[in-house]
Protein chains: 2
Amino acid sequence: MLSVLWRGEDAIPGSPETVRMLRAMGKQPVFLTNYSILSRKELMEKFTHLGYDVREEEIYSSATLAGLYLQSHLQTDETVFVLGSQGLHDEIESFGVKVAPLDSEDHVFDIQSLTETLKIDPKIGAVVVAFDINFNYRKLLRAANILSKESTHFLVTNEDPRLPSNDGWIVPDCGCLIEAVIKATKRTPTVLGKPNKFAWDFISKRFHVNPERTIMIGDSLNTDILFGYNCGIRRSLVLSGISSYADVTNRIDEVKHHPNAEKWIPNYYIQSLGTIAKCLWRLGLYEPDPDGDVCSDSASDETIEDRVDPWVSQPGTSPANGICHRKEVITTV
Amino acid sequence: MLSVLWRGEDAIPGSPETVRMLRAMGKQPVFLTNYSILSRKELMEKFTHLGYDVREEEIYSSATLAGLYLQSHLQTDETVFVLGSQGLHDEIESFGVKVAPLDSEDHVFDIQSLTETLKIDPKIGAVVVAFDINFNYRKLLRAANILSKESTHFLVTNEDPRLPSNDGWIVPDCGCLIEAVIKATKRTPTVLGKPNKFAWDFISKRFHVNPERTIMIGDSLNTDILFGYNCGIRRSLVLSGISSYADVTNRIDEVKHHPNAEKWIPNYYIQSLGTIAKCLWRLGLYEPDPDGDVCSDSASDETIEDRVDPWVSQPGTSPANGICHRKEVITTV
């Protein structure tokens, strides 16, 4: 949800208002994130703390997707070996799936004693690799040997190489750790997170989504916009996060020579999610809460066209219609 | 040295005799291994314990190569951050290069406290990634951030995905760990070990090697035989380790369609290093030590041709000549 809904410990201004407005207009928001570190319960606490009106069943993190996948693919007595956070453990267990206990994490100093003490529970039916701050060699060793049984499911929450970082540090994400497991096992994992459309199957069934009336809003061309393309829905980039205006124009240049680059080009872009609230208010489509700070920001003299532009102008469709007149809205990291 | 010179705690029969014979005939053996876990001092103890007549300066492990590289590339006040064993640390320090101390390895549970406590010593001029049984997320994080300075050297000892294992376990090697660092940094490392010909530059100078009179003997097509090809020297596969007779015939079939596969085809193959001792003895080229168990193994009725075959028969060159009449012999993992 980072860079669309919040940054660090603060909501991005206007985003909570936009979610409230859309819901009041009868739109169904769904929140989709590759973030696997917190359980939905923990995410709900964060949403509430930041003033968002969100229901737990509207949140689909890659941890949630792992739980959903395992719930439908494991036998009742099978367990899962998890390289990931406590939040991911909790989320998976909330789907009634048992997580295999970790080995002792004591340091070991030679290979022989490492493999001598290695025991693989034959009941383990899946391995999930996620961002894991406690990732270590012993976990890699266990995962590789569990996965040597071809029938064991190999799931990864997301392929992002780095987590977003406010302070300039490189923070390796799940995408780095899975490379080690792939190299050791020579196996190809099932990727649960965006841009894989795996989540779409669950969401579209659960919310009876009409793709024609759904938009994917996200801050990353490589994950969010590509996800929207893969699902066959419209997509809007918010410029408050990873991808910039220049990234989009680069893709537009690229498409002349490589038509495939089309996949990364959003239908629309907006400055931030709060722009939607502003547009709705100015168009008179929604009467804001008097406390909504963004909508009362009348000092700004920007026009809708400054902020909301369709990449491809469509006759008879104004940008505001393009963004707002949809039944469902998916907003995301 | 595994699978050519020893397996587990035992020398491969005939190998110590072969090394002694070759040395007595005036050949210069050099021992080259991608193994980085033990220092040369520790390797020497193992060689001696198993009855090998070897000198420390004849051993080139990937740890030795790291020491040699760093000795010539770092400024005098620069240090190196090492993901690897104590043996690798010791080996690098034996070249007068200072290893940067590790951080506290305490478990950490959130990204913020991880990066808040992260300090990168600006004196670190290189990162070496090797097989590291204590590899963990914190080390990956440090390595990635040290390497964000483009001028920092990025070295890896070897790219092998797995260590050989006697008991059937998959034991992920350095090749798995470097994938994680590469993904996080988007940088391409300098590979010190085979099949990269990096070691050749040191060895050929140190021993005034004539490539025409040198043979590479090893058990792996992907590392040893390709290394020999890259160095422009003859190569012989021993069948006591990783690659099999079938692997070679597969490459020979492949070369019809992909001439590039030539690189992986050895000039000769032998059952094990001990075969050389047998051949020399039977040809009357060397009088063995009466204790040499292999050469007195007259119960076997195999002929030289059963065991020593040139892949390409060359007029006027017998297989035995092809293997034995060279000045230098490099034997290896």
# chains A, B, ... in the order shown; residues from 1 in each chain; ligands from 1
call {"tool": "select_by_dssp", "arguments": {"residues": "stretch 45-81 of chain B", "states": "helix (DSSP H, G or I)", "output": "PyMOL selection string"}}
result
chain B and resi 45-49+56-58+62-73
call {"tool": "residues_around", "arguments": {"residues": "B:Thr223", "least_positions_apart": "5", "cutoff": "10 Å", "atoms": "only C-alpha atoms", "output": "list of chain:residue names"}}
result
B:Thr33, B:Asn34, B:Asn158, B:Glu159, B:Asp160, B:Gly193, B:Lys194, B:Pro195, B:Asn196, B:Gly218, B:Gly228, B:Trp264, B:Val333
call {"tool": "write_last_selection", "arguments": {"atoms": "all heavy atoms", "output": "mmCIF file, in the first residue's frame"}}
result
data_model
loop_
_atom_site.group_PDB
_atom_site.id
_atom_site.type_symbol
_atom_site.label_atom_id
_atom_site.label_comp_id
_atom_site.auth_asym_id
_atom_site.auth_seq_id
_atom_site.Cartn_x
_atom_site.Cartn_y
_atom_site.Cartn_z
ATOM 1 N N THR B 33 41.141 -25.517 -7.115
ATOM 2 C CA THR B 33 39.799 -25.898 -6.665
ATOM 3 C C THR B 33 38.904 -24.684 -6.476
ATOM 4 O O THR B 33 39.376 -23.612 -6.081
ATOM 5 C CB THR B 33 39.863 -26.693 -5.339
ATOM 6 O OG1 THR B 33 38.524 -26.972 -4.906
ATOM 7 C CG2 THR B 33 40.573 -25.916 -4.233
ATOM 8 N N ASN B 34 37.623 -24.858 -6.765
ATOM 9 C CA ASN B 34 36.643 -23.800 -6.512
ATOM 10 C C ASN B 34 36.242 -23.747 -5.039
ATOM 11 O O ASN B 34 35.533 -22.840 -4.622
ATOM 12 C CB ASN B 34 35.382 -24.028 -7.365
ATOM 13 C CG ASN B 34 35.535 -23.479 -8.770
ATOM 14 O OD1 ASN B 34 36.574 -22.911 -9.108
ATOM 15 N ND2 ASN B 34 34.508 -23.655 -9.585
ATOM 16 N N ASN B 158 33.142 -18.669 -6.848
ATOM 17 C CA ASN B 158 32.743 -19.653 -7.862
ATOM 18 C C ASN B 158 31.242 -19.578 -8.083
ATOM 19 O O ASN B 158 30.516 -19.029 -7.261
ATOM 20 C CB ASN B 158 33.131 -21.070 -7.434
ATOM 21 C CG ASN B 158 32.486 -21.474 -6.118
ATOM 22 O OD1 ASN B 158 32.669 -20.806 -5.102
ATOM 23 N ND2 ASN B 158 31.728 -22.544 -6.128
ATOM 24 N N GLU B 159 30.799 -20.131 -9.206
ATOM 25 C CA GLU B 159 29.374 -20.035 -9.552
ATOM 26 C C GLU B 159 28.654 -21.370 -9.425
ATOM 27 O O GLU B 159 27.505 -21.486 -9.846
ATOM 28 C CB GLU B 159 29.232 -19.521 -10.987
ATOM 29 C CG GLU B 159 29.756 -18.102 -11.170
ATOM 30 C CD GLU B 159 29.519 -17.579 -12.577
ATOM 31 O OE1 GLU B 159 30.108 -18.149 -13.520
ATOM 32 O OE2 GLU B 159 28.757 -16.612 -12.732
ATOM 33 N N ASP B 160 29.304 -22.370 -8.866
ATOM 34 C CA ASP B 160 28.671 -23.686 -8.761
ATOM 35 C C ASP B 160 27.385 -23.594 -7.942
ATOM 36 O O ASP B 160 27.382 -23.046 -6.849
ATOM 37 C CB ASP B 160 29.625 -24.678 -8.094
ATOM 38 C CG ASP B 160 30.965 -24.748 -8.809
ATOM 39 O OD1 ASP B 160 31.093 -25.554 -9.730
ATOM 40 O OD2 ASP B 160 31.869 -23.957 -8.454
ATOM 41 N N GLY B 193 36.779 -18.336 -9.656
ATOM 42 C CA GLY B 193 36.982 -19.777 -9.831
ATOM 43 C C GLY B 193 36.778 -20.242 -11.261
ATOM 44 O O GLY B 193 36.435 -19.468 -12.157
ATOM 45 N N LYS B 194 37.015 -21.539 -11.466
ATOM 46 C CA LYS B 194 36.759 -22.161 -12.761
ATOM 47 C C LYS B 194 35.266 -22.060 -13.092
ATOM 48 O O LYS B 194 34.461 -22.079 -12.188
ATOM 49 C CB LYS B 194 37.152 -23.642 -12.702
ATOM 50 C CG LYS B 194 38.590 -23.888 -12.361
ATOM 51 C CD LYS B 194 38.823 -25.356 -12.018
ATOM 52 C CE LYS B 194 38.190 -25.728 -10.700
ATOM 53 N NZ LYS B 194 38.365 -27.120 -10.299
ATOM 54 N N PRO B 195 34.842 -21.999 -14.341
ATOM 55 C CA PRO B 195 35.646 -22.127 -15.555
ATOM 56 C C PRO B 195 36.313 -20.827 -16.009
ATOM 57 O O PRO B 195 36.968 -20.820 -17.044
ATOM 58 C CB PRO B 195 34.611 -22.569 -16.593
ATOM 59 C CG PRO B 195 33.352 -21.907 -16.146
ATOM 60 C CD PRO B 195 33.411 -21.909 -14.639
ATOM 61 N N ASN B 196 36.136 -19.748 -15.238
ATOM 62 C CA ASN B 196 36.813 -18.497 -15.565
ATOM 63 C C ASN B 196 38.328 -18.731 -15.572
ATOM 64 O O ASN B 196 38.858 -19.389 -14.685
ATOM 65 C CB ASN B 196 36.434 -17.473 -14.491
ATOM 66 C CG ASN B 196 36.788 -16.069 -14.886
ATOM 67 O OD1 ASN B 196 37.939 -15.781 -15.176
ATOM 68 N ND2 ASN B 196 35.802 -15.196 -14.911
ATOM 69 N N GLY B 218 40.219 -32.990 -14.485
ATOM 70 C CA GLY B 218 39.149 -32.674 -13.546
ATOM 71 C C GLY B 218 37.943 -33.559 -13.769
ATOM 72 O O GLY B 218 37.889 -34.314 -14.740
ATOM 73 N N GLY B 228 39.897 -25.665 -18.859
ATOM 74 C CA GLY B 228 41.026 -26.061 -19.704
ATOM 75 C C GLY B 228 40.884 -25.488 -21.108
ATOM 76 O O GLY B 228 41.841 -24.968 -21.690
ATOM 77 N N TRP B 264 33.091 -28.138 -24.054
ATOM 78 C CA TRP B 264 32.861 -29.009 -22.893
ATOM 79 C C TRP B 264 33.375 -30.433 -23.136
ATOM 80 O O TRP B 264 33.163 -31.308 -22.320
ATOM 81 C CB TRP B 264 31.365 -29.054 -22.557
ATOM 82 C CG TRP B 264 30.871 -27.798 -21.918
ATOM 83 C CD1 TRP B 264 30.859 -27.522 -20.580
ATOM 84 C CD2 TRP B 264 30.319 -26.651 -22.564
ATOM 85 N NE1 TRP B 264 30.338 -26.268 -20.364
ATOM 86 C CE2 TRP B 264 30.000 -25.706 -21.563
ATOM 87 C CE3 TRP B 264 30.075 -26.305 -23.900
ATOM 88 C CZ2 TRP B 264 29.435 -24.459 -21.846
ATOM 89 C CZ3 TRP B 264 29.519 -25.059 -24.180
ATOM 90 C CH2 TRP B 264 29.206 -24.158 -23.158
ATOM 91 N N VAL B 333 39.769 -30.285 -8.613
ATOM 92 C CA VAL B 333 38.457 -30.820 -8.245
ATOM 93 C C VAL B 333 37.775 -31.354 -9.483
ATOM 94 O O VAL B 333 37.548 -30.635 -10.416
ATOM 95 C CB VAL B 333 37.552 -29.725 -7.665
ATOM 96 C CG1 VAL B 333 36.153 -30.290 -7.466
ATOM 97 C CG2 VAL B 333 38.085 -29.214 -6.373
#
call {"tool": "interface_residues", "arguments": {"of": "chain B", "to": "chain A", "cutoff": "10 Å", "atoms": "only C-alpha atoms", "output": "compact mmCIF listing (two decimals) with N, CA, C and O atoms, in the first residue's frame"}}
result
# COMPACT_ATOMS: atom_id res chain seq x y z
N GLY B 8 35.08 -37.61 0.71
CA GLY B 8 34.89 -37.62 2.16
C GLY B 8 36.24 -37.56 2.85
O GLY B 8 37.06 -36.69 2.55
N ILE B 37 36.20 -23.02 1.33
CA ILE B 37 35.88 -23.13 2.76
C ILE B 37 37.12 -23.22 3.64
O ILE B 37 37.16 -22.68 4.73
N SER B 85 33.51 -18.48 4.79
CA SER B 85 33.95 -19.23 5.96
C SER B 85 35.12 -18.55 6.66
O SER B 85 35.75 -17.63 6.13
N GLN B 86 35.45 -19.06 7.85
CA GLN B 86 36.63 -18.58 8.56
C GLN B 86 37.88 -18.88 7.75
O GLN B 86 38.83 -18.08 7.72
N ASP B 106 22.80 -10.68 15.61
CA ASP B 106 21.53 -10.85 16.32
C ASP B 106 20.36 -10.82 15.35
O ASP B 106 20.38 -10.10 14.37
N HIS B 107 19.38 -11.59 15.67
CA HIS B 107 18.17 -11.56 14.86
C HIS B 107 17.51 -10.19 14.98
O HIS B 107 17.51 -9.58 16.03
N VAL B 108 16.97 -9.74 13.87
CA VAL B 108 16.27 -8.46 13.88
C VAL B 108 14.90 -8.73 13.30
O VAL B 108 14.72 -9.62 12.49
N PHE B 109 13.92 -7.94 13.73
CA PHE B 109 12.56 -8.29 13.35
C PHE B 109 11.83 -7.24 12.54
O PHE B 109 10.71 -7.43 12.16
N ASP B 110 12.44 -6.10 12.32
CA ASP B 110 11.79 -5.16 11.41
C ASP B 110 12.84 -4.40 10.61
O ASP B 110 13.99 -4.25 11.04
N ILE B 111 12.42 -3.96 9.43
CA ILE B 111 13.35 -3.36 8.49
C ILE B 111 13.93 -2.08 9.06
O ILE B 111 15.10 -1.78 8.88
N GLN B 112 13.08 -1.33 9.76
CA GLN B 112 13.55 -0.04 10.23
C GLN B 112 14.74 -0.18 11.18
O GLN B 112 15.76 0.48 10.99
N LEU B 114 16.68 -2.59 11.32
CA LEU B 114 17.78 -3.18 10.56
C LEU B 114 18.61 -2.09 9.88
O LEU B 114 19.83 -2.05 9.97
N THR B 115 17.92 -1.17 9.19
CA THR B 115 18.65 -0.13 8.47
C THR B 115 19.13 0.96 9.42
O THR B 115 20.15 1.58 9.17
N GLU B 116 18.41 1.16 10.52
CA GLU B 116 18.86 2.18 11.48
C GLU B 116 20.22 1.83 12.08
O GLU B 116 21.00 2.71 12.41
N LEU B 118 22.43 0.00 10.53
CA LEU B 118 23.36 -0.33 9.46
C LEU B 118 24.39 0.79 9.30
O LEU B 118 24.03 1.95 9.14
N PHE B 131 30.83 -19.59 -0.66
CA PHE B 131 29.96 -20.48 0.11
C PHE B 131 30.00 -20.01 1.55
O PHE B 131 31.09 -19.88 2.12
N ASP B 132 28.85 -19.74 2.14
CA ASP B 132 28.82 -19.21 3.50
C ASP B 132 27.69 -19.86 4.27
O ASP B 132 26.52 -19.53 4.10
N ILE B 133 28.08 -20.77 5.14
CA ILE B 133 27.10 -21.52 5.91
C ILE B 133 26.37 -20.59 6.89
O ILE B 133 25.30 -20.92 7.39
N ASN B 134 26.94 -19.42 7.14
CA ASN B 134 26.28 -18.44 8.00
C ASN B 134 25.70 -17.27 7.22
O ASN B 134 25.47 -16.19 7.77
N PHE B 135 25.47 -17.50 5.93
CA PHE B 135 24.82 -16.48 5.10
C PHE B 135 23.46 -16.15 5.72
O PHE B 135 22.73 -17.04 6.12
N ASN B 136 23.15 -14.86 5.79
CA ASN B 136 21.82 -14.48 6.28
C ASN B 136 21.38 -13.15 5.67
O ASN B 136 22.13 -12.52 4.92
N TYR B 137 20.16 -12.75 5.99
CA TYR B 137 19.60 -11.56 5.38
C TYR B 137 20.44 -10.32 5.68
O TYR B 137 20.66 -9.47 4.82
N ARG B 138 20.92 -10.24 6.91
CA ARG B 138 21.67 -9.04 7.30
C ARG B 138 22.96 -8.91 6.47
O ARG B 138 23.36 -7.82 6.09
N LYS B 139 23.60 -10.05 6.20
CA LYS B 139 24.82 -10.01 5.37
C LYS B 139 24.48 -9.58 3.94
O LYS B 139 25.22 -8.82 3.31
N LEU B 140 23.36 -10.09 3.43
CA LEU B 140 22.92 -9.70 2.09
C LEU B 140 22.67 -8.20 2.03
O LEU B 140 23.09 -7.51 1.10
N LEU B 141 22.00 -7.70 3.06
CA LEU B 141 21.70 -6.26 3.14
C LEU B 141 22.99 -5.44 3.14
O LEU B 141 23.13 -4.45 2.42
N ARG B 142 23.95 -5.86 3.96
CA ARG B 142 25.22 -5.12 4.04
C ARG B 142 25.95 -5.17 2.70
O ARG B 142 26.43 -4.16 2.20
N ALA B 143 26.04 -6.38 2.14
CA ALA B 143 26.77 -6.53 0.87
C ALA B 143 26.15 -5.65 -0.20
O ALA B 143 26.85 -4.94 -0.94
N ALA B 144 24.81 -5.66 -0.29
CA ALA B 144 24.12 -4.88 -1.33
C ALA B 144 24.41 -3.39 -1.17
O ALA B 144 24.63 -2.68 -2.16
N ASN B 145 24.41 -2.92 0.06
CA ASN B 145 24.62 -1.49 0.27
C ASN B 145 26.08 -1.08 0.11
O ASN B 145 26.38 0.02 -0.36
N ILE B 146 27.01 -1.96 0.46
CA ILE B 146 28.43 -1.68 0.21
C ILE B 146 28.66 -1.59 -1.30
O ILE B 146 29.37 -0.73 -1.79
N LEU B 147 28.00 -2.49 -2.04
CA LEU B 147 28.20 -2.55 -3.49
C LEU B 147 27.47 -1.45 -4.25
O LEU B 147 27.63 -1.32 -5.46
N SER B 148 26.66 -0.66 -3.53
CA SER B 148 25.98 0.43 -4.24
C SER B 148 26.99 1.49 -4.68
O SER B 148 26.70 2.29 -5.57
N ASP B 160 29.30 -22.37 -8.87
CA ASP B 160 28.67 -23.69 -8.76
C ASP B 160 27.38 -23.59 -7.94
O ASP B 160 27.38 -23.05 -6.85
N PRO B 161 26.28 -24.14 -8.46
CA PRO B 161 25.02 -24.06 -7.72
C PRO B 161 24.97 -24.99 -6.50
O PRO B 161 24.30 -24.69 -5.53
N ARG B 162 25.67 -26.13 -6.59
CA ARG B 162 25.60 -27.07 -5.47
C ARG B 162 26.99 -27.62 -5.15
O ARG B 162 27.79 -27.84 -6.04
N LEU B 163 27.21 -27.89 -3.87
CA LEU B 163 28.40 -28.62 -3.46
C LEU B 163 28.14 -30.11 -3.67
O LEU B 163 27.01 -30.57 -3.51
N SER B 165 27.71 -33.83 -2.73
CA SER B 165 27.21 -34.37 -1.47
C SER B 165 27.18 -35.88 -1.56
O SER B 165 26.69 -36.45 -2.53
N ASN B 166 27.72 -36.53 -0.54
CA ASN B 166 27.76 -37.99 -0.55
C ASN B 166 26.46 -38.63 -0.12
O ASN B 166 26.18 -39.77 -0.43
N ASP B 167 25.67 -37.89 0.66
CA ASP B 167 24.51 -38.52 1.28
C ASP B 167 23.19 -38.14 0.62
O ASP B 167 22.12 -38.35 1.18
N GLY B 168 23.27 -37.58 -0.58
CA GLY B 168 22.05 -37.33 -1.34
C GLY B 168 21.37 -36.00 -1.06
O GLY B 168 20.41 -35.64 -1.74
N TRP B 169 21.84 -35.25 -0.06
CA TRP B 169 21.24 -33.95 0.19
C TRP B 169 21.66 -32.95 -0.88
O TRP B 169 22.76 -33.04 -1.42
N ILE B 170 20.78 -32.00 -1.15
CA ILE B 170 21.16 -30.85 -1.97
C ILE B 170 21.86 -29.86 -1.04
O ILE B 170 21.28 -29.44 -0.04
N VAL B 171 23.11 -29.52 -1.35
CA VAL B 171 23.85 -28.57 -0.52
C VAL B 171 24.15 -27.33 -1.38
O VAL B 171 25.07 -27.32 -2.18
N PRO B 172 23.31 -26.29 -1.24
CA PRO B 172 23.48 -25.10 -2.08
C PRO B 172 24.88 -24.49 -1.91
O PRO B 172 25.36 -24.34 -0.79
N ASP B 173 25.53 -24.19 -3.03
CA ASP B 173 26.88 -23.62 -2.99
C ASP B 173 26.79 -22.11 -3.27
O ASP B 173 25.70 -21.54 -3.44
N CYS B 174 27.94 -21.52 -3.36
CA CYS B 174 28.11 -20.09 -3.60
C CYS B 174 27.23 -19.57 -4.74
O CYS B 174 26.68 -18.47 -4.66
N GLY B 175 27.07 -20.37 -5.81
CA GLY B 175 26.30 -19.94 -6.97
C GLY B 175 24.88 -19.52 -6.62
O GLY B 175 24.29 -18.67 -7.30
N CYS B 176 24.31 -20.10 -5.56
CA CYS B 176 22.96 -19.73 -5.13
C CYS B 176 22.98 -18.38 -4.41
O CYS B 176 22.11 -17.53 -4.63
N LEU B 177 23.97 -18.21 -3.55
CA LEU B 177 24.02 -17.00 -2.72
C LEU B 177 24.29 -15.76 -3.58
O LEU B 177 23.71 -14.69 -3.35
N ILE B 178 25.17 -15.91 -4.59
CA ILE B 178 25.49 -14.73 -5.40
C ILE B 178 24.28 -14.27 -6.20
O ILE B 178 24.15 -13.09 -6.49
N GLU B 179 23.37 -15.19 -6.54
CA GLU B 179 22.18 -14.78 -7.28
C GLU B 179 21.40 -13.73 -6.49
O GLU B 179 20.86 -12.78 -7.05
N ALA B 180 21.33 -13.92 -5.18
CA ALA B 180 20.60 -12.97 -4.33
C ALA B 180 21.29 -11.60 -4.36
O ALA B 180 20.64 -10.56 -4.46
N VAL B 181 22.62 -11.60 -4.29
CA VAL B 181 23.36 -10.33 -4.27
C VAL B 181 23.27 -9.63 -5.64
O VAL B 181 23.10 -8.41 -5.72
N ILE B 182 23.35 -10.42 -6.70
CA ILE B 182 23.25 -9.85 -8.05
C ILE B 182 21.87 -9.20 -8.25
O ILE B 182 21.75 -8.10 -8.77
N LYS B 183 20.83 -9.90 -7.81
CA LYS B 183 19.47 -9.38 -7.98
C LYS B 183 19.30 -8.07 -7.21
O LYS B 183 18.66 -7.13 -7.70
N ALA B 184 19.87 -8.00 -6.02
CA ALA B 184 19.71 -6.81 -5.18
C ALA B 184 20.51 -5.63 -5.73
O ALA B 184 20.10 -4.48 -5.61
N THR B 185 21.67 -5.91 -6.33
CA THR B 185 22.59 -4.83 -6.71
C THR B 185 22.55 -4.51 -8.20
O THR B 185 23.03 -3.46 -8.61
N LYS B 186 22.01 -5.44 -9.01
CA LYS B 186 22.04 -5.31 -10.48
C LYS B 186 23.48 -5.18 -10.98
O LYS B 186 23.73 -4.54 -12.00
call {"tool": "atom_distance", "arguments": {"atom1": "atom CA of B:Gly67", "atom2": "atom CA of B:Phe95"}}
result
5.6 Å
call {"tool": "residues_around", "arguments": {"residues": "B:Lys41", "least_positions_apart": "6", "cutoff": "12 Å", "atoms": "only C-alpha atoms", "output": "PyMOL selection string"}}
result
chain B and resi 47-48+54-61+63-64+87-88+90-92+94
call {"tool": "write_last_selection", "arguments": {"atoms": "N, CA, C and O atoms", "output": "PDB file, in the first residue's frame"}}
result
ATOM      1  N   PHE B  47      45.735 -32.659   2.777  1.00  0.00           N
ATOM      2  CA  PHE B  47      46.602 -33.322   1.800  1.00  0.00           C
ATOM      3  C   PHE B  47      47.579 -34.273   2.500  1.00  0.00           C
ATOM      4  O   PHE B  47      47.722 -35.434   2.126  1.00  0.00           O
ATOM      5  N   THR B  48      48.244 -33.747   3.523  1.00  0.00           N
ATOM      6  CA  THR B  48      49.276 -34.522   4.215  1.00  0.00           C
ATOM      7  C   THR B  48      48.659 -35.738   4.900  1.00  0.00           C
ATOM      8  O   THR B  48      49.159 -36.854   4.798  1.00  0.00           O
ATOM      9  N   VAL B  54      52.452 -32.659  -1.465  1.00  0.00           N
ATOM     10  CA  VAL B  54      52.014 -31.397  -2.065  1.00  0.00           C
ATOM     11  C   VAL B  54      52.660 -30.234  -1.327  1.00  0.00           C
ATOM     12  O   VAL B  54      52.912 -30.329  -0.122  1.00  0.00           O
ATOM     13  N   ARG B  55      52.973 -29.148  -2.040  1.00  0.00           N
ATOM     14  CA  ARG B  55      53.506 -27.945  -1.393  1.00  0.00           C
ATOM     15  C   ARG B  55      52.432 -26.849  -1.403  1.00  0.00           C
ATOM     16  O   ARG B  55      51.660 -26.779  -2.361  1.00  0.00           O
ATOM     17  N   GLU B  56      52.456 -26.038  -0.378  1.00  0.00           N
ATOM     18  CA  GLU B  56      51.397 -25.042  -0.220  1.00  0.00           C
ATOM     19  C   GLU B  56      51.276 -24.135  -1.443  1.00  0.00           C
ATOM     20  O   GLU B  56      50.175 -23.770  -1.849  1.00  0.00           O
ATOM     21  N   GLU B  57      52.422 -23.770  -2.049  1.00  0.00           N
ATOM     22  CA  GLU B  57      52.366 -22.831  -3.183  1.00  0.00           C
ATOM     23  C   GLU B  57      51.814 -23.479  -4.451  1.00  0.00           C
ATOM     24  O   GLU B  57      51.619 -22.800  -5.456  1.00  0.00           O
ATOM     25  N   GLU B  58      51.574 -24.788  -4.403  1.00  0.00           N
ATOM     26  CA  GLU B  58      50.973 -25.455  -5.568  1.00  0.00           C
ATOM     27  C   GLU B  58      49.443 -25.461  -5.502  1.00  0.00           C
ATOM     28  O   GLU B  58      48.780 -25.913  -6.427  1.00  0.00           O
ATOM     29  N   ILE B  59      48.909 -24.992  -4.373  1.00  0.00           N
ATOM     30  CA  ILE B  59      47.450 -25.018  -4.185  1.00  0.00           C
ATOM     31  C   ILE B  59      46.851 -23.665  -4.559  1.00  0.00           C
ATOM     32  O   ILE B  59      47.263 -22.632  -4.036  1.00  0.00           O
ATOM     33  N   TYR B  60      45.890 -23.672  -5.454  1.00  0.00           N
ATOM     34  CA  TYR B  60      45.128 -22.473  -5.810  1.00  0.00           C
ATOM     35  C   TYR B  60      43.651 -22.767  -5.578  1.00  0.00           C
ATOM     36  O   TYR B  60      42.978 -23.338  -6.432  1.00  0.00           O
ATOM     37  N   SER B  61      43.167 -22.403  -4.397  1.00  0.00           N
ATOM     38  CA  SER B  61      41.724 -22.510  -4.167  1.00  0.00           C
ATOM     39  C   SER B  61      41.108 -21.182  -4.584  1.00  0.00           C
ATOM     40  O   SER B  61      41.822 -20.192  -4.807  1.00  0.00           O
ATOM     41  N   ALA B  63      39.669 -19.330  -2.670  1.00  0.00           N
ATOM     42  CA  ALA B  63      40.017 -18.432  -1.567  1.00  0.00           C
ATOM     43  C   ALA B  63      41.395 -17.810  -1.823  1.00  0.00           C
ATOM     44  O   ALA B  63      41.603 -16.613  -1.595  1.00  0.00           O
ATOM     45  N   THR B  64      42.332 -18.630  -2.322  1.00  0.00           N
ATOM     46  CA  THR B  64      43.662 -18.122  -2.677  1.00  0.00           C
ATOM     47  C   THR B  64      43.537 -17.044  -3.750  1.00  0.00           C
ATOM     48  O   THR B  64      44.178 -15.991  -3.681  1.00  0.00           O
ATOM     49  N   GLY B  87      37.884 -20.029   7.060  1.00  0.00           N
ATOM     50  CA  GLY B  87      39.039 -20.396   6.228  1.00  0.00           C
ATOM     51  C   GLY B  87      39.289 -19.366   5.132  1.00  0.00           C
ATOM     52  O   GLY B  87      40.435 -19.008   4.843  1.00  0.00           O
ATOM     53  N   LEU B  88      38.214 -18.871   4.530  1.00  0.00           N
ATOM     54  CA  LEU B  88      38.339 -17.840   3.494  1.00  0.00           C
ATOM     55  C   LEU B  88      38.884 -16.545   4.101  1.00  0.00           C
ATOM     56  O   LEU B  88      39.773 -15.902   3.533  1.00  0.00           O
ATOM     57  N   ASP B  90      40.790 -16.315   6.724  1.00  0.00           N
ATOM     58  CA  ASP B  90      42.205 -16.539   7.042  1.00  0.00           C
ATOM     59  C   ASP B  90      43.059 -16.466   5.778  1.00  0.00           C
ATOM     60  O   ASP B  90      44.144 -15.885   5.776  1.00  0.00           O
ATOM     61  N   GLU B  91      42.554 -17.073   4.711  1.00  0.00           N
ATOM     62  CA  GLU B  91      43.314 -17.114   3.462  1.00  0.00           C
ATOM     63  C   GLU B  91      43.516 -15.694   2.916  1.00  0.00           C
ATOM     64  O   GLU B  91      44.619 -15.325   2.519  1.00  0.00           O
ATOM     65  N   ILE B  92      42.449 -14.901   2.925  1.00  0.00           N
ATOM     66  CA  ILE B  92      42.553 -13.523   2.422  1.00  0.00           C
ATOM     67  C   ILE B  92      43.530 -12.727   3.284  1.00  0.00           C
ATOM     68  O   ILE B  92      44.378 -11.997   2.769  1.00  0.00           O
ATOM     69  N   SER B  94      45.997 -13.843   4.884  1.00  0.00           N
ATOM     70  CA  SER B  94      47.374 -14.315   4.682  1.00  0.00           C
ATOM     71  C   SER B  94      48.054 -13.557   3.538  1.00  0.00           C
ATOM     72  O   SER B  94      49.270 -13.621   3.381  1.00  0.00           O
TER      73      SER B  94
END
call {"tool": "select_by_dssp", "arguments": {"residues": "stretch 117-316 of chain B", "states": "strand (DSSP E or B)", "output": "JSON, numbers by chain"}}
result
{"B": [124, 125, 126, 127, 128, 129, 136, 153, 154, 155, 156, 162, 163, 171, 172, 190, 191, 214, 215, 216, 217, 218, 234, 235, 236, 237, 238, 268, 269, 270, 309, 310, 314]}
